[in-house]
>>> print(open('protein_2.txt').read())   # compact mmCIF, C-alpha atoms and all ligand atoms
# COMPACT_ATOMS: atom_id res chain seq x y z
CA VAL A 1 128.22 154.49 124.26
CA HIS A 2 131.09 152.39 122.99
CA LEU A 3 130.51 148.63 123.04
CA ARG A 4 133.23 146.73 124.81
CA LEU A 5 133.38 143.23 123.41
CA LEU A 6 134.88 140.53 125.60
CA GLY A 7 136.60 137.28 124.73
CA SER A 8 135.58 136.03 121.31
CA GLN A 9 132.58 138.39 120.97
CA ARG A 10 132.53 140.10 117.62
CA ASN A 11 130.32 142.41 115.62
CA ILE A 12 129.74 140.97 112.15
CA GLY A 13 127.40 143.11 110.11
CA GLY A 14 125.63 144.40 113.21
CA GLU A 15 125.15 140.91 114.66
CA LEU A 16 126.78 139.52 117.79
CA PHE A 17 129.01 136.53 117.18
CA PHE A 18 131.08 134.38 119.50
CA GLY A 19 133.91 133.47 117.18
CA GLU A 20 132.10 131.77 114.30
CA ALA A 21 128.82 131.26 116.12
CA SER A 22 126.09 133.86 115.80
CA ALA A 23 124.06 134.73 118.86
CA ARG A 24 120.91 134.56 116.79
CA ASP A 25 121.63 131.00 115.61
CA LEU A 26 122.51 129.88 119.13
CA ALA A 27 119.27 131.35 120.46
CA ARG A 28 117.30 129.69 117.69
CA GLU A 29 118.91 126.32 118.21
CA PHE A 30 119.10 126.21 122.01
CA GLY A 31 116.40 128.67 123.10
CA THR A 32 116.52 131.55 125.56
CA PRO A 33 117.46 132.43 128.21
CA LEU A 34 120.74 130.83 127.29
CA TYR A 35 124.07 130.82 129.08
CA VAL A 36 126.80 131.03 126.44
CA PHE A 37 130.21 130.01 127.71
CA ASP A 38 133.30 130.91 125.73
CA ALA A 39 135.81 128.10 126.22
CA SER A 40 138.58 129.98 124.43
CA ASP A 41 138.28 132.96 126.78
CA PHE A 42 138.34 130.65 129.78
CA ARG A 43 141.34 128.71 128.50
CA GLY A 44 143.12 132.00 127.83
CA LYS A 45 142.55 133.18 131.41
CA CYS A 46 143.74 129.85 132.83
CA ARG A 47 146.93 130.12 130.79
CA GLU A 48 147.39 133.73 131.84
CA PHE A 49 147.17 132.70 135.48
CA LEU A 50 149.57 129.80 135.06
CA ALA A 51 152.05 132.05 133.27
CA ALA A 52 151.72 134.86 135.81
CA ALA A 53 152.41 132.65 138.79
CA PRO A 54 154.91 130.00 137.73
CA GLY A 55 155.50 127.37 140.38
CA SER A 56 152.40 128.39 142.31
CA HIS A 57 149.55 126.06 143.16
CA ILE A 58 146.54 127.27 141.18
CA SER A 59 143.12 125.86 141.94
CA TYR A 60 140.01 126.85 140.09
CA ALA A 61 137.36 127.90 142.65
CA SER A 62 134.62 125.66 141.31
CA LYS A 63 131.84 127.45 143.19
CA ALA A 64 131.99 130.16 140.50
CA ASN A 65 130.78 127.73 137.84
CA SER A 66 130.83 124.03 138.61
CA SER A 67 129.29 122.81 135.38
CA LEU A 68 131.05 119.63 134.35
CA ALA A 69 132.05 121.14 131.02
CA VAL A 70 133.82 124.08 132.66
CA LEU A 71 135.47 121.81 135.24
CA SER A 72 136.80 119.54 132.54
CA LEU A 73 138.29 122.51 130.69
CA ALA A 74 140.01 123.58 133.92
CA LEU A 75 141.41 120.07 134.26
CA GLU A 76 142.65 120.09 130.68
CA GLU A 77 144.34 123.43 131.25
CA GLY A 78 146.32 121.96 134.12
CA LEU A 79 144.63 123.63 137.05
CA ASP A 80 143.78 122.02 140.35
CA VAL A 81 140.38 122.66 141.88
CA ASP A 82 138.84 123.89 145.10
CA CYS A 83 135.47 122.67 146.29
CA ALA A 84 133.19 123.98 148.99
CA SER A 85 130.76 121.08 149.33
CA LEU A 86 130.30 117.38 148.69
CA GLY A 87 128.45 118.23 145.47
CA GLU A 88 131.31 120.30 144.12
CA LEU A 89 133.73 117.59 145.20
CA GLU A 90 131.78 114.90 143.36
CA ALA A 91 131.60 117.14 140.29
CA ALA A 92 135.38 117.51 140.28
CA LEU A 93 135.89 113.74 140.66
CA ARG A 94 133.36 113.05 137.94
CA VAL A 95 135.32 115.00 135.32
CA GLY A 96 138.55 113.27 136.32
CA PHE A 97 140.37 115.42 138.85
CA ARG A 98 142.53 113.17 140.98
CA PRO A 99 141.87 113.46 144.74
CA GLU A 100 145.29 114.98 145.36
CA GLN A 101 144.37 117.88 143.04
CA ILE A 102 141.37 118.80 145.14
CA THR A 103 141.07 121.20 148.09
CA LEU A 104 138.04 121.02 150.35
CA HIS A 105 136.70 124.16 151.99
CA GLY A 106 133.72 124.82 154.20
CA ASN A 107 132.96 126.62 157.43
CA ASN A 108 130.63 123.82 158.54
CA LYS A 109 131.69 120.65 156.77
CA SER A 110 129.41 117.70 157.30
CA ASP A 111 130.65 114.41 158.71
CA GLU A 112 129.98 112.95 155.30
CA GLU A 113 132.22 115.53 153.64
CA LEU A 114 135.04 114.95 156.10
CA ARG A 115 134.72 111.18 155.75
CA ARG A 116 134.80 111.36 151.96
CA ALA A 117 137.82 113.68 152.07
CA ALA A 118 139.66 111.27 154.37
CA ASP A 119 138.62 108.12 152.46
CA ILE A 120 139.86 109.26 149.09
CA GLY A 121 142.82 111.24 150.40
CA LEU A 122 142.20 114.76 149.18
CA GLY A 123 145.14 117.00 148.45
CA ARG A 124 144.14 119.57 151.05
CA VAL A 125 141.45 120.10 153.61
CA VAL A 126 141.24 123.69 154.79
CA LEU A 127 140.32 123.68 158.46
CA ASP A 128 137.93 126.35 159.56
CA HIS A 129 137.03 125.68 163.18
CA LEU A 130 138.23 123.79 166.24
CA SER A 131 135.91 120.81 166.44
CA GLU A 132 136.59 119.68 162.89
CA ILE A 133 140.26 119.29 163.72
CA GLY A 134 139.51 116.40 166.06
CA LYS A 135 136.86 114.93 163.80
CA LEU A 136 139.11 114.89 160.77
CA ALA A 137 142.07 113.65 162.79
CA ASP A 138 140.02 110.60 163.83
CA LEU A 139 139.09 109.80 160.23
CA ALA A 140 142.31 110.56 158.42
CA ARG A 141 145.77 109.12 157.98
CA GLY A 142 148.41 111.62 156.96
CA MET A 143 145.89 114.15 155.67
CA ARG A 144 147.38 117.39 154.37
CA VAL A 145 145.61 120.30 156.01
CA MET A 146 145.79 124.06 156.00
CA LEU A 147 144.41 126.50 158.54
CA ARG A 148 142.10 129.13 157.20
CA LEU A 149 142.99 132.38 158.91
CA ALA A 150 140.88 135.49 159.42
CA PRO A 151 143.54 138.11 159.05
CA GLY A 152 141.39 141.08 160.04
CA VAL A 153 141.51 143.19 156.90
CA ASP A 154 138.49 144.78 155.33
CA PRO A 155 138.35 144.46 151.57
CA GLU A 156 136.49 147.16 149.70
CA THR A 157 133.63 145.17 148.26
CA HIS A 158 130.02 144.24 148.95
CA GLU A 159 129.37 143.12 152.53
CA ALA A 160 128.06 139.72 151.46
CA ILE A 161 131.34 138.86 149.73
CA SER A 162 133.74 140.32 152.32
CA THR A 163 135.43 137.58 154.29
CA GLY A 164 138.83 138.86 155.44
CA GLN A 165 137.64 141.11 158.23
CA GLU A 166 137.85 140.29 161.92
CA ASP A 167 134.10 139.80 162.38
CA THR A 168 133.52 136.82 160.12
CA LYS A 169 132.23 133.27 160.39
CA PHE A 170 135.21 132.06 158.37
CA GLY A 171 138.46 130.73 159.69
CA PHE A 172 140.54 131.27 162.79
CA ASN A 173 140.99 134.78 164.03
CA ILE A 174 144.64 135.72 164.33
CA ALA A 175 144.15 138.69 166.67
CA ASP A 176 142.18 136.92 169.41
CA GLY A 177 144.46 133.88 169.66
CA SER A 178 142.10 131.36 167.99
CA ALA A 179 144.56 130.76 165.20
CA GLU A 180 147.29 129.91 167.66
CA SER A 181 145.02 127.48 169.55
CA ALA A 182 144.12 125.83 166.25
CA TYR A 183 147.78 125.51 165.37
CA ARG A 184 148.47 123.76 168.69
CA GLU A 185 145.50 121.43 168.22
CA VAL A 186 146.65 120.39 164.75
CA MET A 187 150.22 119.85 165.89
CA LYS A 188 148.98 117.39 168.54
CA ARG A 189 147.37 115.18 165.88
CA SER A 190 149.72 112.76 164.20
CA SER A 191 147.16 111.91 161.51
CA LEU A 192 147.15 115.51 160.23
CA ARG A 193 149.98 117.21 158.43
CA LEU A 194 149.87 120.99 158.53
CA ILE A 195 151.21 122.20 155.20
CA GLY A 196 150.35 125.86 155.50
CA TYR A 197 147.85 128.64 155.81
CA HIS A 198 144.99 129.98 153.80
CA CYS A 199 143.08 133.22 153.64
CA HIS A 200 140.42 134.60 151.32
CA VAL A 201 139.72 138.28 151.85
CA GLY A 202 136.80 138.92 149.54
CA SER A 203 135.55 138.83 146.01
CA GLN A 204 135.27 141.15 142.99
CA LEU A 205 138.29 143.19 144.17
CA MET A 206 139.85 145.66 141.74
CA ASN A 207 143.35 145.57 143.26
CA SER A 208 145.46 143.46 145.63
CA HIS A 209 145.72 145.85 148.57
CA ALA A 210 143.59 143.71 150.85
CA HIS A 211 145.41 140.54 149.75
CA GLN A 212 148.76 142.12 150.52
CA ALA A 213 147.71 143.38 153.93
CA ALA A 214 146.18 140.03 154.78
CA LEU A 215 149.13 137.97 153.60
CA HIS A 216 151.45 140.09 155.64
CA ARG A 217 149.54 139.12 158.76
CA VAL A 218 149.34 135.51 157.68
CA ALA A 219 153.08 135.45 157.08
CA ASP A 220 153.79 137.05 160.46
CA PHE A 221 151.61 134.44 162.08
CA ALA A 222 153.30 131.60 160.19
CA VAL A 223 156.73 132.83 161.19
CA ARG A 224 155.64 133.19 164.81
CA MET A 225 154.35 129.60 164.91
CA GLY A 226 157.70 128.47 163.66
CA SER A 227 157.35 125.13 161.93
CA PRO A 228 158.28 125.22 158.26
CA VAL A 229 155.51 126.31 155.93
CA GLU A 230 155.06 124.59 152.59
CA GLU A 231 152.28 126.73 151.18
CA ILE A 232 150.45 130.00 151.69
CA CYS A 233 147.19 130.34 149.80
CA ALA A 234 145.92 133.78 148.91
CA GLY A 235 142.40 132.58 148.04
CA GLY A 236 140.55 134.15 145.13
CA GLY A 237 139.04 137.57 144.77
CA LEU A 238 140.37 139.25 141.64
CA GLY A 239 137.50 141.08 139.95
CA VAL A 240 136.20 141.24 136.39
CA ARG A 241 134.64 143.83 134.10
CA TYR A 242 130.89 144.06 134.49
CA VAL A 243 130.58 147.68 133.43
CA ALA A 244 132.99 150.20 131.91
CA ALA A 245 133.86 151.61 135.35
CA ASP A 246 135.25 148.23 136.47
CA GLN A 247 138.99 148.31 135.87
CA PRO A 248 140.43 145.33 137.72
CA GLU A 249 144.17 144.98 137.71
CA SER A 250 145.45 142.37 135.29
CA ILE A 251 146.03 138.77 136.30
CA ALA A 252 149.78 139.35 135.88
CA THR A 253 149.77 142.44 138.12
CA HIS A 254 147.67 140.64 140.70
CA CYS A 255 149.87 137.57 140.90
CA GLU A 256 153.01 139.66 141.01
CA ALA A 257 151.68 141.89 143.80
CA VAL A 258 150.63 138.89 145.88
CA ARG A 259 153.96 137.15 145.29
CA ARG A 260 155.94 140.23 146.28
CA GLY A 261 153.86 140.65 149.43
CA VAL A 262 154.41 137.08 150.60
CA GLU A 263 158.09 137.00 149.67
CA GLY A 264 158.72 140.29 151.42
CA ALA A 265 157.15 139.12 154.62
CA PHE A 266 159.04 135.82 154.80
CA ARG A 267 162.37 137.32 153.71
CA ALA A 268 162.06 140.04 156.35
CA ALA A 269 161.71 137.27 158.92
CA GLY A 270 164.69 135.43 157.47
CA THR A 271 162.61 132.33 156.73
CA ALA A 272 162.29 130.26 153.57
CA VAL A 273 159.57 131.55 151.23
CA PRO A 274 156.75 129.00 150.88
CA ARG A 275 154.98 128.05 147.68
CA LEU A 276 152.10 130.35 146.83
CA GLY A 277 148.55 129.23 146.22
CA PHE A 278 145.75 130.97 144.34
CA GLU A 279 142.08 130.09 144.05
CA PRO A 280 140.65 132.24 141.29
CA GLY A 281 137.00 131.75 140.44
CA ARG A 282 135.38 134.82 138.97
CA ALA A 283 138.55 136.07 137.24
CA LEU A 284 138.66 132.87 135.18
CA VAL A 285 135.01 132.35 134.27
CA GLY A 286 133.27 135.70 134.70
CA GLU A 287 133.95 137.29 131.33
CA ALA A 288 133.66 133.98 129.50
CA GLY A 289 129.92 133.95 130.13
CA THR A 290 127.17 135.84 128.32
CA THR A 291 123.44 135.36 128.81
CA LEU A 292 121.12 135.69 125.83
CA TYR A 293 117.56 136.78 126.51
CA LYS A 294 114.65 137.63 124.31
CA VAL A 295 112.79 140.89 124.94
CA GLY A 296 109.15 140.05 125.53
CA VAL A 297 107.76 143.43 126.51
CA ARG A 298 108.67 147.04 125.89
CA LYS A 299 106.68 149.34 128.12
CA GLN A 300 106.85 153.09 128.62
CA VAL A 301 106.11 154.14 132.20
CA GLY A 302 106.37 157.88 132.71
CA GLY A 303 109.85 158.82 131.60
CA ARG A 304 111.18 155.29 131.76
CA VAL A 305 111.18 152.47 129.26
CA TYR A 306 111.09 148.95 130.65
CA LEU A 307 112.29 145.98 128.67
CA SER A 308 111.18 142.69 130.18
CA VAL A 309 113.28 139.75 129.17
CA ASP A 310 112.52 136.03 129.41
CA GLY A 311 114.76 135.39 132.41
CA GLY A 312 115.74 137.29 135.51
CA MET A 313 116.53 136.61 139.12
CA ALA A 314 116.26 132.85 138.80
CA ASP A 315 119.14 132.73 136.31
CA ASN A 316 120.97 135.73 137.76
CA PRO A 317 120.25 136.70 141.37
CA ARG A 318 123.36 138.89 141.64
CA PRO A 319 121.77 142.30 141.01
CA GLN A 320 119.39 141.70 143.90
CA LEU A 321 121.87 140.04 146.22
CA TYR A 322 124.88 142.26 145.72
CA GLY A 323 123.62 145.27 143.81
CA ALA A 324 125.64 143.90 140.89
CA THR A 325 125.67 145.89 137.66
CA TYR A 326 125.89 144.54 134.12
CA THR A 327 126.26 145.64 130.52
CA ALA A 328 123.77 144.75 127.80
CA ILE A 329 124.17 144.59 124.04
CA ASN A 330 121.42 144.43 121.49
CA ALA A 331 122.67 141.35 119.67
CA SER A 332 121.07 142.16 116.33
CA ARG A 333 121.48 145.94 116.28
CA MET A 334 125.14 146.27 117.17
CA ASP A 335 125.76 148.90 114.53
CA GLU A 336 123.18 151.22 116.05
CA PRO A 337 124.41 153.55 118.79
CA HIS A 338 123.78 152.07 122.23
CA GLY A 339 122.76 155.40 123.71
CA ALA A 340 119.16 155.19 124.91
CA VAL A 341 118.46 154.32 128.53
CA PHE A 342 116.27 151.32 129.34
CA ARG A 343 115.53 149.41 132.50
CA VAL A 344 116.03 145.73 131.82
CA SER A 345 113.76 143.63 134.03
CA GLY A 346 113.16 139.96 134.45
CA ARG A 347 109.88 138.06 134.32
CA HIS A 348 109.63 137.03 137.94
CA CYS A 349 106.86 138.05 140.29
CA GLU A 350 108.77 140.78 142.01
CA THR A 351 110.84 143.76 141.00
CA ASP A 352 113.76 141.82 139.58
CA THR A 353 115.66 144.53 137.80
CA LEU A 354 118.60 143.02 135.95
CA ILE A 355 120.05 146.34 134.80
CA SER A 356 118.70 149.56 136.19
CA GLU A 357 120.17 151.75 133.44
CA ALA A 358 121.09 149.82 130.33
CA PHE A 359 122.32 151.67 127.24
CA LEU A 360 120.81 150.16 124.13
CA PRO A 361 119.69 151.34 120.71
CA SER A 362 116.54 153.48 120.96
CA THR A 363 114.91 151.11 118.47
CA THR A 364 115.26 148.10 120.81
CA ASP A 365 111.95 146.31 120.74
CA GLU A 366 109.95 143.20 121.51
CA GLY A 367 111.49 140.15 119.90
CA ASP A 368 115.04 141.51 120.04
CA LEU A 369 117.84 139.43 121.41
CA ILE A 370 119.69 141.02 124.32
CA ALA A 371 123.10 139.81 125.44
CA ILE A 372 124.17 140.48 129.01
CA GLN A 373 127.91 140.24 129.36
CA THR A 374 130.07 138.81 132.14
CA THR A 375 127.64 136.24 133.49
CA GLY A 376 130.06 133.30 133.58
CA ALA A 377 130.62 133.45 137.34
CA TYR A 378 127.96 132.79 139.97
CA ASN A 379 125.03 132.71 137.54
CA PHE A 380 124.69 129.07 136.48
CA ALA A 381 126.04 128.23 139.95
CA MET A 382 123.38 130.24 141.78
CA ALA A 383 120.41 129.68 139.50
CA SER A 384 117.09 128.70 141.05
CA ASN A 385 113.64 127.62 139.92
CA TYR A 386 111.83 130.59 141.39
CA ASN A 387 108.33 130.85 139.94
CA ARG A 388 108.86 127.30 138.64
CA TYR A 389 110.93 128.39 135.71
CA PRO A 390 113.16 125.62 134.40
CA ARG A 391 116.82 126.60 134.57
CA PRO A 392 118.47 127.69 131.30
CA ALA A 393 120.69 125.64 129.05
CA MET A 394 124.40 126.35 128.74
CA VAL A 395 126.07 126.17 125.37
CA MET A 396 129.83 125.95 124.98
CA VAL A 397 131.38 128.01 122.17
CA GLY A 398 135.00 128.54 121.19
CA ASP A 399 135.86 124.86 121.46
CA GLY A 400 135.01 123.57 118.02
CA THR A 401 131.35 123.25 117.06
CA PRO A 402 129.12 124.78 119.77
CA TYR A 403 127.73 122.06 122.01
CA LEU A 404 125.11 121.85 124.67
CA ALA A 405 127.04 121.65 127.95
CA VAL A 406 123.95 121.80 130.13
CA GLU A 407 120.51 120.85 128.87
CA ARG A 408 117.64 123.17 129.57
CA GLU A 409 115.53 121.87 132.44
CA THR A 410 112.09 120.63 131.53
CA LEU A 411 108.82 120.95 133.36
CA SER A 412 108.99 117.28 134.27
CA ASP A 413 112.44 117.83 135.81
CA LEU A 414 110.80 120.40 138.02
CA PHE A 415 108.40 117.89 139.53
CA ALA A 416 110.56 114.77 139.43
CA ARG A 417 111.32 114.73 143.15
CA GLU A 418 107.93 115.72 144.51
CA ARG A 419 105.07 113.68 145.93
CA VAL A 420 101.60 114.52 147.10
CA ARG A 421 99.94 112.46 149.80
CA SER A 422 98.24 109.54 148.13
CA LYS A 423 94.54 109.01 148.78
CA ALA A 424 93.85 106.49 151.53
CA THR A 425 93.08 103.11 150.02
CA PRO A 426 89.98 101.44 151.46
N1 LIG B 501 138.47 130.66 147.66
C1 LIG B 501 137.59 130.75 148.69
C2 LIG B 501 137.91 130.12 149.96
C3 LIG B 501 136.39 131.44 148.50
O1 LIG B 501 135.54 131.54 149.51
C4 LIG B 501 136.08 132.01 147.23
C5 LIG B 501 134.82 132.71 147.01
C6 LIG B 501 137.03 131.87 146.20
C7 LIG B 501 138.22 131.20 146.46
C8 LIG B 501 136.81 132.43 144.83
O2 LIG B 501 136.64 133.80 144.83
P1 LIG B 501 136.57 134.63 143.47
O3 LIG B 501 137.92 134.51 142.79
O4 LIG B 501 135.50 134.06 142.65
O5 LIG B 501 136.29 136.01 143.91
N2 LIG B 501 128.33 134.55 145.04
C9 LIG B 501 129.16 135.75 145.13
C10 LIG B 501 130.62 135.41 145.28
C11 LIG B 501 130.92 134.59 146.50
C12 LIG B 501 132.38 134.27 146.62
C13 LIG B 501 132.62 133.34 147.76
N3 LIG B 501 133.94 132.83 147.89
C14 LIG B 501 128.94 136.61 143.91
O6 LIG B 501 128.13 136.24 143.04
O7 LIG B 501 129.53 137.69 143.80
>>> encode(input="protein_2.txt", output="structure tokens", more="lines below")
Ligand code: LLP
Amino acid sequence: VHLRLLGSQRNIGGELFFGEASARDLAREFGTPLYVFDASDFRGKCREFLAAAPGSHISYASKANSSLAVLSLALEEGLDVDCASLGELEAALRVGFRPEQITLHGNNKSDEELRRAADIGLGRVVLDHLSEIGKLADLARGMRVMLRLAPGVDPETHEAISTGQEDTKFGFNIADGSAESAYREVMKRSSLRLIGYHCHVGSQLMNSHAHQAALHRVADFAVRMGSPVEEICAGGGLGVRYVAADQPESIATHCEAVRRGVEGAFRAAGTAVPRLGFEPGRALVGEAGTTLYKVGVRKQVGGRVYLSVDGGMADNPRPQLYGATYTAINASRMDEPHGAVFRVSGRHCETDTLISEAFLPSTTDEGDLIAIQTTGAYNFAMASNYNRYPRPAMVMVGDGTPYLAVERETLSDLFARERVRSKATP
């Protein structure tokens, strides 16, 4: 099996390197499991997006990886940011995004989130349901808002990350008239300024078919409502390469397809073409991340060989949640053919298979360092402390000397917020 190296990954004398940094040295210095984040790959993807969609409004979907280090790279690269919670919003502010660069999402925003958005004057609040229109209108003065629309298209992806279909908790349904009611509600409020429409059809999509179909409906709706539209946001969704079979279209192809779809729809209606918006998450950070694990156990069970590594579902819940697949590399035996089948499992107290069929050198053994590729999106962001494992560190490579972007949690961190009932004092 041919190894497909991503970003700055290199094979130097059979050892995995990220640019100048060897995986083995990183593991020794920072421990395992370790999230390695390749800043140069991320910067490259940001630039690719900016170049592919000139004049568009490009916001990094921070939910994919909201570590402060990654956010600050996005800021440096000239992207805006989208946030889905108060925590993500505070993270963006903390690294220096200006309020007007920030979009706030959420299908059930808290009063606190709406108040904060209004107080600091966010660039965009994406409205998702009727009652928040009134709430925000009462708090805001001249707030720029968009309506999130449910266009009724079914993207071909895992159910848990499909959002464009009719039956969804997100946004205003176009077909049943909810979107039109929302439009009328917003237009009644002088403290809100409707700048356009938003849709997000799904995630880890290999092509833009669903985006195009959805944007067509969004454009039709916008034209039907009549008032001039400043911006149409296509959301995120472009996929990445987890395994060899994943062949997502390029960023350039994606942006071009989306642009053509939106332009076509507005031109056909004889209306001015609005500015386009994109909210890529996974496509920017996914391939920039690699997780390093140490193999603790090699066990033959019938015809299968299990490798248990020192992480698992707490640092990467995606295999269990979405049936996600990944590719592994033996970081110190890269010159050996990766042709033997192993099951890579975690160390948690349940069947937390990370990779059901991983191709690795037959010699792979206890003590080896395994690199799982494409873990930059929704791994750090979704990590938990299941089984009371401290969450991993994240080291930034490809941006000068590697530096610790996120410290490894300690056992005392785990208990810092807990209390037991104190004994009654006599
Ligand atoms: N914009 C909105 C409004 C979204 O809901 C999302 C993702 C994005 C942008 C970014 O989508 P992306 O470009 O990353 O596909 N935890 C799941 C993914 C959930 C995505 C939710 N929304 C996973 O690990 O696959």
>>> residues_around(input="protein_2.txt", residues="Tyr242 in chain A", least_positions_apart="4", cutoff="9 Å", atoms="all atoms listed in the file", output="ChimeraX atom specification")
/A:246,286-287,324-327,373-375
>>> residues_near_ligand(input="protein_2.txt", ligand="ligand LIG 501 (chain B)", cutoff="6 Å", atoms="only C-alpha atoms and all ligand atoms", output="list of chain:residue names")
A:Ala61, A:Ala64, A:Ile161, A:His200, A:Ser203, A:Gln204, A:Gly235, A:Gly236, A:Gly237, A:Leu238, A:Glu279, A:Pro280, A:Gly281, A:Arg282, A:Ala283, A:Arg318, A:Tyr378
>>> atom_distance(input="protein_2.txt", atom1="CA of Val36 in chain A", atom2="CA of Ala328 in chain A")
14.1 Å
>>> atom_distance(input="protein_2.txt", atom1="CA of Leu3 in chain A", atom2="CA of Leu369 in chain A")
15.7 Å
>>> atom_distance(input="protein_2.txt", atom1="CA of Tyr35 in chain A", atom2="CA of Ala52 in chain A")
28.7 Å
>>> closest_residue(input="protein_2.txt", among="A:Ser208, A:Ser332, A:Thr32, A:Asn107", to="His129 in chain A", atoms="all atoms listed in the file")
A:Asn107
>>> closest_atom_pairs(input="protein_2.txt", of="range 45-117 of chain A", to="range 162-172 of chain A", cutoff="12 Å", atoms="all atoms listed in the file", output="JSON lines")
{"residue": "A:His105", "atom": "CA", "partner": "A:Phe170", "partner_atom": "CA", "distance": 10.3}
{"residue": "A:Gly106", "atom": "CA", "partner": "A:Phe170", "partner_atom": "CA", "distance": 8.5}
{"residue": "A:Asn107", "atom": "CA", "partner": "A:Phe170", "partner_atom": "CA", "distance": 6.0}
{"residue": "A:Asn108", "atom": "CA", "partner": "A:Phe170", "partner_atom": "CA", "distance": 9.4}
>>> axis_aligned_box(input="protein_2.txt", around="range 119-130 of chain A", padding_each_side="8 Å", output="AutoDock Vina command-line options")
--center_x 141.1 --center_y 117.2 --center_z 157.3 --size_x 24.1 --size_y 34.2 --size_z 33.8
>>> closest_residue(input="protein_2.txt", among="A:Ser59, A:Ser66, A:Asn387, A:Thr290", to="Ile370 in chain A", atoms="only C-alpha atoms")
A:Thr290
>>> residues_near_point(input="protein_2.txt", point="(128.1, 114.1, 152.2)", cutoff="12 Å", atoms="all atoms listed in the file", output="list in words")
Ala84, Ser85, Leu86, Gly87, Glu88, Leu89, Glu90, Asn108, Lys109, Ser110, Asp111, Glu112, Glu113, Leu114, Arg115, Arg116 and Ala117 of chain A
>>> closest_residue(input="protein_2.txt", among="A:Asp80, A:Ser72, A:Asn379, A:Phe342", to="Arg94 in chain A", atoms="all atoms listed in the file")
A:Ser72
>>> residues_around(input="protein_2.txt", residues="Leu360 in chain A", least_positions_apart="3", cutoff="8 Å", atoms="all atoms listed in the file", output="JSON, numbers by chain")
{"A": [328, 329, 330, 337, 338, 339, 340, 341, 342, 364]}
>>> closest_residue(input="protein_2.txt", among="A:Arg388, A:His158, A:Arg141, A:Arg241", to="Arg4 in chain A", atoms="all atoms listed in the file")
A:Arg241
>>> residues_around(input="protein_2.txt", residues="range 209-219 of chain A", least_positions_apart="2", cutoff="6 Å", atoms="only C-alpha atoms", output="NGL selection string")
:A and (151 or 155 or 207 or 221-222 or 258 or 261 or 265)
>>> closest_residue(input="protein_2.txt", among="A:Val145, A:Leu127, A:Ala331, A:Ile232", to="Asn11 in chain A", atoms="only C-alpha atoms")
A:Ala331
>>> closest_atom_pairs(input="protein_2.txt", of="range 8-30 of chain A", to="range 399-411 of chain A", cutoff="12 Å", atoms="all atoms listed in the file", output="JSON lines")
{"residue": "A:Ser8", "atom": "CA", "partner": "A:Asp399", "partner_atom": "CA", "distance": 11.2}
{"residue": "A:Phe18", "atom": "CA", "partner": "A:Pro402", "partner_atom": "CA", "distance": 9.8}
{"residue": "A:Gly19", "atom": "CA", "partner": "A:Asp399", "partner_atom": "CA", "distance": 9.8}
{"residue": "A:Glu20", "atom": "CA", "partner": "A:Thr401", "partner_atom": "CA", "distance": 9.0}
{"residue": "A:Ala21", "atom": "CA", "partner": "A:Pro402", "partner_atom": "CA", "distance": 7.4}
{"residue": "A:Ser22", "atom": "CA", "partner": "A:Pro402", "partner_atom": "CA", "distance": 10.4}
{"residue": "A:Ala23", "atom": "CA", "partner": "A:Pro402", "partner_atom": "CA", "distance": 11.2}
{"residue": "A:Asp25", "atom": "CA", "partner": "A:Pro402", "partner_atom": "CA", "distance": 10.6}
{"residue": "A:Leu26", "atom": "CA", "partner": "A:Pro402", "partner_atom": "CA", "distance": 8.4}
{"residue": "A:Ala27", "atom": "CA", "partner": "A:Pro402", "partner_atom": "CA", "distance": 11.9}
{"residue": "A:Glu29", "atom": "CA", "partner": "A:Leu404", "partner_atom": "CA", "distance": 10.0}
{"residue": "A:Phe30", "atom": "CA", "partner": "A:Leu404", "partner_atom": "CA", "distance": 7.9}
>>> closest_residue(input="protein_2.txt", among="A:Ser422, A:Thr351, A:Ser412, A:Ser308", to="Asp368 in chain A", atoms="all atoms listed in the file")
A:Ser308
>>> residues_around(input="protein_2.txt", residues="Ala269 in chain A", least_positions_apart="6", cutoff="10 Å", atoms="all atoms listed in the file", output="NGL selection string")
:A and (219-220 or 223-224 or 263)
>>> residues_around(input="protein_2.txt", residues="His57 in chain A", least_positions_apart="4", cutoff="7 Å", atoms="all atoms listed in the file", output="number ranges by chain")
A: 276-278
>>> residues_near_point(input="protein_2.txt", point="(149.6, 122.1, 162.9)", cutoff="9 Å", atoms="all atoms listed in the file", output="tab-separated table (two decimals) with C-alpha atoms, in the coordinates of the input")
chain	number	residue	atom	x	y	z
A	145	VAL	CA	145.61	120.30	156.01
A	146	MET	CA	145.79	124.06	156.00
A	147	LEU	CA	144.41	126.50	158.54
A	182	ALA	CA	144.12	125.83	166.25
A	183	TYR	CA	147.78	125.51	165.37
A	184	ARG	CA	148.47	123.76	168.69
A	185	GLU	CA	145.50	121.43	168.22
A	186	VAL	CA	146.65	120.39	164.75
A	187	MET	CA	150.22	119.85	165.89
A	188	LYS	CA	148.98	117.39	168.54
A	189	ARG	CA	147.37	115.18	165.88
A	192	LEU	CA	147.15	115.51	160.23
A	193	ARG	CA	149.98	117.21	158.43
A	194	LEU	CA	149.87	120.99	158.53
A	195	ILE	CA	151.21	122.20	155.20
A	196	GLY	CA	150.35	125.86	155.50
A	227	SER	CA	157.35	125.13	161.93
